[in-house]
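A.B. asks: Below is one structure. I have some questions about it.
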Amino acid sequence: MPPQVPDRRARLGTGLLAGAFAGLVAVDLGLPSLVSWLGDRSSIVPWAAAVAALLWLTPLRRLAGAGVLLLALLWAVVSFTPLTSRMAEGLVRRDPVEAADAVFVFSSRIQEDGDPTSDAMSRLLKGVQLVAEGRAPRLLVSELPPPSGAYAPLARAWLASQGRGGEVIVVGRIVNTHDEAVAVGRLFRERGWRTVLAVTSPLHTRRAAMALEKEGVSVAAVPAIETRFDLERLHWPTDRRRAFSAVGHEWVGLFVYRRRGWVK
């Protein structure tokens, strides 16, 4: 057997292992969230392994190896330093809660069986609480495209369980925060409303409120409870990694929204 064949197989195996490792690190850090990728993240691992294996057979293997090492270094920095806490500064907006024309709950994924994910449940519970307290006479929600379930039935059921009246209005089917802001702004102009209590996850409050204000709505941002990690402390490496993707997603989002003129 020619000597280059075993060497080629060794390189291929090394590339597969390095790529799989890089894919696992990317998934653990939630890097797909930076570009709002909502697909199955586990599929990144075999794809990364296949790409790295091919690169390891070319002169680009050194560049690929450097990329894998940088990912490992990023994982360590995020896990064991205050980087995520520093990056989160300035993202959470919390305004005084006063009487408003409506409460708007920014959407998050509902499971296909109709049960809420932790984000969706936290946001909707906060919105229902505000209406039940009499802060606003109506609750506005938006819906994500299928296969996500519907927000409105949950909102109506939970409002009814509080023994309080309150209209639930669906502003439309949306894809992103900008779509939601445009839909809410249009509804407010049509009905002559002015002030909204905007409920969303803490790290999303700044961008969400700015997008609504761009549409001419007076906004009071109300953070829901963060259930995925302890945002106020981030003492544990696991919490830091979970928060890192959410923090990074918001900074990327703010950059894109400013470039497109979707926020002031």
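Going by the structure tokens order, chains are called A, B, ..., each with residues numbered from 1, while ligands are numbered from 1 in the order shown.
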Excluding A:Val27 and any residue of its chain fewer than 6 positions from it, enumerate the residues within 12 Å of it, using only C-alpha atoms, and give them as an MDAnalysis selection string.
C.D. replies: chainID A and resid 20:21 33:34 37 39:46 48 71 75 241:242 244:245
A.B. asks: How about saving the chosen residues, N, CA and C atoms kept, as a PDB file, in the first residue's frame?
C.D. replies:
ATOM      1  N   ALA A  20     -15.976  17.677  14.552  1.00  0.00           N
ATOM      2  CA  ALA A  20     -17.039  17.305  15.484  1.00  0.00           C
ATOM      3  C   ALA A  20     -16.892  18.067  16.800  1.00  0.00           C
ATOM      4  N   PHE A  21     -15.645  18.194  17.265  1.00  0.00           N
ATOM      5  CA  PHE A  21     -15.395  18.964  18.491  1.00  0.00           C
ATOM      6  C   PHE A  21     -15.818  20.416  18.306  1.00  0.00           C
ATOM      7  N   SER A  33     -27.516  30.996  17.338  1.00  0.00           N
ATOM      8  CA  SER A  33     -28.463  32.051  17.721  1.00  0.00           C
ATOM      9  C   SER A  33     -28.013  33.427  17.248  1.00  0.00           C
ATOM     10  N   LEU A  34     -26.729  33.589  17.011  1.00  0.00           N
ATOM     11  CA  LEU A  34     -26.234  34.889  16.576  1.00  0.00           C
ATOM     12  C   LEU A  34     -26.833  35.294  15.235  1.00  0.00           C
ATOM     13  N   TRP A  37     -30.716  31.369  13.707  1.00  0.00           N
ATOM     14  CA  TRP A  37     -30.993  30.076  13.098  1.00  0.00           C
ATOM     15  C   TRP A  37     -31.823  29.248  14.062  1.00  0.00           C
ATOM     16  N   GLY A  39     -33.216  26.183  13.293  1.00  0.00           N
ATOM     17  CA  GLY A  39     -33.258  24.774  12.922  1.00  0.00           C
ATOM     18  C   GLY A  39     -32.670  23.884  14.002  1.00  0.00           C
ATOM     19  N   ASP A  40     -32.561  22.598  13.685  1.00  0.00           N
ATOM     20  CA  ASP A  40     -32.009  21.620  14.615  1.00  0.00           C
ATOM     21  C   ASP A  40     -30.500  21.838  14.729  1.00  0.00           C
ATOM     22  N   ARG A  41     -30.064  22.301  15.890  1.00  0.00           N
ATOM     23  CA  ARG A  41     -28.660  22.655  16.048  1.00  0.00           C
ATOM     24  C   ARG A  41     -27.742  21.438  16.072  1.00  0.00           C
ATOM     25  N   SER A  42     -28.267  20.305  16.444  1.00  0.00           N
ATOM     26  CA  SER A  42     -27.414  19.117  16.497  1.00  0.00           C
ATOM     27  C   SER A  42     -26.876  18.747  15.121  1.00  0.00           C
ATOM     28  N   SER A  43     -27.553  19.184  14.062  1.00  0.00           N
ATOM     29  CA  SER A  43     -27.083  18.881  12.708  1.00  0.00           C
ATOM     30  C   SER A  43     -25.777  19.596  12.383  1.00  0.00           C
ATOM     31  N   ILE A  44     -25.431  20.609  13.181  1.00  0.00           N
ATOM     32  CA  ILE A  44     -24.172  21.317  12.965  1.00  0.00           C
ATOM     33  C   ILE A  44     -22.976  20.382  13.161  1.00  0.00           C
ATOM     34  N   VAL A  45     -23.084  19.455  14.094  1.00  0.00           N
ATOM     35  CA  VAL A  45     -21.949  18.603  14.441  1.00  0.00           C
ATOM     36  C   VAL A  45     -21.486  17.750  13.257  1.00  0.00           C
ATOM     37  N   PRO A  46     -22.359  16.965  12.618  1.00  0.00           N
ATOM     38  CA  PRO A  46     -21.869  16.172  11.471  1.00  0.00           C
ATOM     39  C   PRO A  46     -21.423  17.039  10.297  1.00  0.00           C
ATOM     40  N   ALA A  48     -20.042  20.067  10.494  1.00  0.00           N
ATOM     41  CA  ALA A  48     -18.726  20.604  10.855  1.00  0.00           C
ATOM     42  C   ALA A  48     -17.663  19.523  10.728  1.00  0.00           C
ATOM     43  N   LEU A  71     -12.144  28.480  18.795  1.00  0.00           N
ATOM     44  CA  LEU A  71     -13.444  28.134  19.377  1.00  0.00           C
ATOM     45  C   LEU A  71     -13.282  27.578  20.792  1.00  0.00           C
ATOM     46  N   TRP A  75     -14.757  29.208  24.238  1.00  0.00           N
ATOM     47  CA  TRP A  75     -15.536  28.435  25.210  1.00  0.00           C
ATOM     48  C   TRP A  75     -14.988  28.628  26.620  1.00  0.00           C
ATOM     49  N   ARG A 241     -22.537  30.369  29.587  1.00  0.00           N
ATOM     50  CA  ARG A 241     -22.608  29.917  28.198  1.00  0.00           C
ATOM     51  C   ARG A 241     -24.012  30.074  27.636  1.00  0.00           C
ATOM     52  N   ARG A 242     -25.027  29.768  28.440  1.00  0.00           N
ATOM     53  CA  ARG A 242     -26.402  29.933  27.969  1.00  0.00           C
ATOM     54  C   ARG A 242     -26.713  31.401  27.694  1.00  0.00           C
ATOM     55  N   PHE A 244     -24.550  33.727  26.956  1.00  0.00           N
ATOM     56  CA  PHE A 244     -23.678  34.287  25.918  1.00  0.00           C
ATOM     57  C   PHE A 244     -24.387  34.361  24.576  1.00  0.00           C
ATOM     58  N   SER A 245     -25.088  33.302  24.201  1.00  0.00           N
ATOM     59  CA  SER A 245     -25.757  33.313  22.899  1.00  0.00           C
ATOM     60  C   SER A 245     -26.864  34.357  22.863  1.00  0.00           C
TER      61      SER A 245
END
A.B. asks: Just the strand (DSSP E or B) stuff from stretch 199-241 of chain A, please, per backbone DSSP, written as a PyMOL selection string.
C.D. replies: chain A and resi 199-200+218-223
A.B. asks: I'd like the interatomic distance between atom CA of A:Trp47 and atom CA of A:Asp7, to a tenth of an Å.
C.D. replies: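 Atom-to-atom, atom CA of A:Trp47 and atom CA of A:Asp7 are spaced 22.6 Å apart.
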A.B. asks: Quick one: everything within 8 Å of A:Met87, counting only C-alpha atoms, minus sequence neighbours fewer than 4 positions away in the same chain. Send it as number ranges by chain.
C.D. replies: A: 83, 247-248
A.B. asks: Restricted to all heavy atoms, what would the selected residues look like written as a short mmCIF file (atom, residue, chain, number, x, y, z; two decimals), in the first residue's frame?
C.D. replies:
data_model
loop_
_atom_site.label_atom_id
_atom_site.label_comp_id
_atom_site.auth_asym_id
_atom_site.auth_seq_id
_atom_site.Cartn_x
_atom_site.Cartn_y
_atom_site.Cartn_z
N LEU A 83 -16.92 37.75 31.01
CA LEU A 83 -17.17 38.32 29.69
C LEU A 83 -18.66 38.50 29.41
O LEU A 83 -19.10 39.57 28.97
CB LEU A 83 -16.55 37.43 28.61
CG LEU A 83 -16.88 37.83 27.15
CD1 LEU A 83 -16.25 39.17 26.81
CD2 LEU A 83 -16.40 36.75 26.18
N VAL A 247 -27.03 37.14 24.68
CA VAL A 247 -26.39 38.46 24.67
C VAL A 247 -25.84 38.78 23.28
O VAL A 247 -26.05 39.87 22.73
CB VAL A 247 -25.27 38.52 25.72
CG1 VAL A 247 -24.45 39.79 25.57
CG2 VAL A 247 -25.86 38.45 27.12
N GLY A 248 -25.12 37.82 22.71
CA GLY A 248 -24.57 38.03 21.37
C GLY A 248 -25.65 38.27 20.34
O GLY A 248 -25.51 39.12 19.45
#
A.B. asks: How many Å lie between atom CA of A:Arg260 and atom CA of A:Arg109, rounded to one decimal?
C.D. replies: 25.0 Å
A.B. asks: Just the residues within 7 Å of A:Tyr151, please, counting only C-alpha atoms, with nothing from its chain fewer than 6 positions along; format it as a list in words.
C.D. replies: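 Everything that qualifies: Ile110, Val141 and Glu143 of chain A.
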A.B. asks: Write a file of the selected residues as a compact mmCIF listing (two decimals), in the first residue's frame, keeping C-alpha atoms.
C.D. replies:
# COMPACT_ATOMS: atom_id res chain seq x y z
CA ILE A 110 -45.06 27.68 21.34
CA VAL A 141 -50.02 39.05 21.02
CA GLU A 143 -48.06 34.56 16.25
A.B. asks: Rank nothing, just name the residue among A:Val219, A:Met121, A:Leu234, A:Val184 nearest to A:Glu98, using only C-alpha atoms.
C.D. replies: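 That would be A:Val219, the residue with the smallest distance to A:Glu98.
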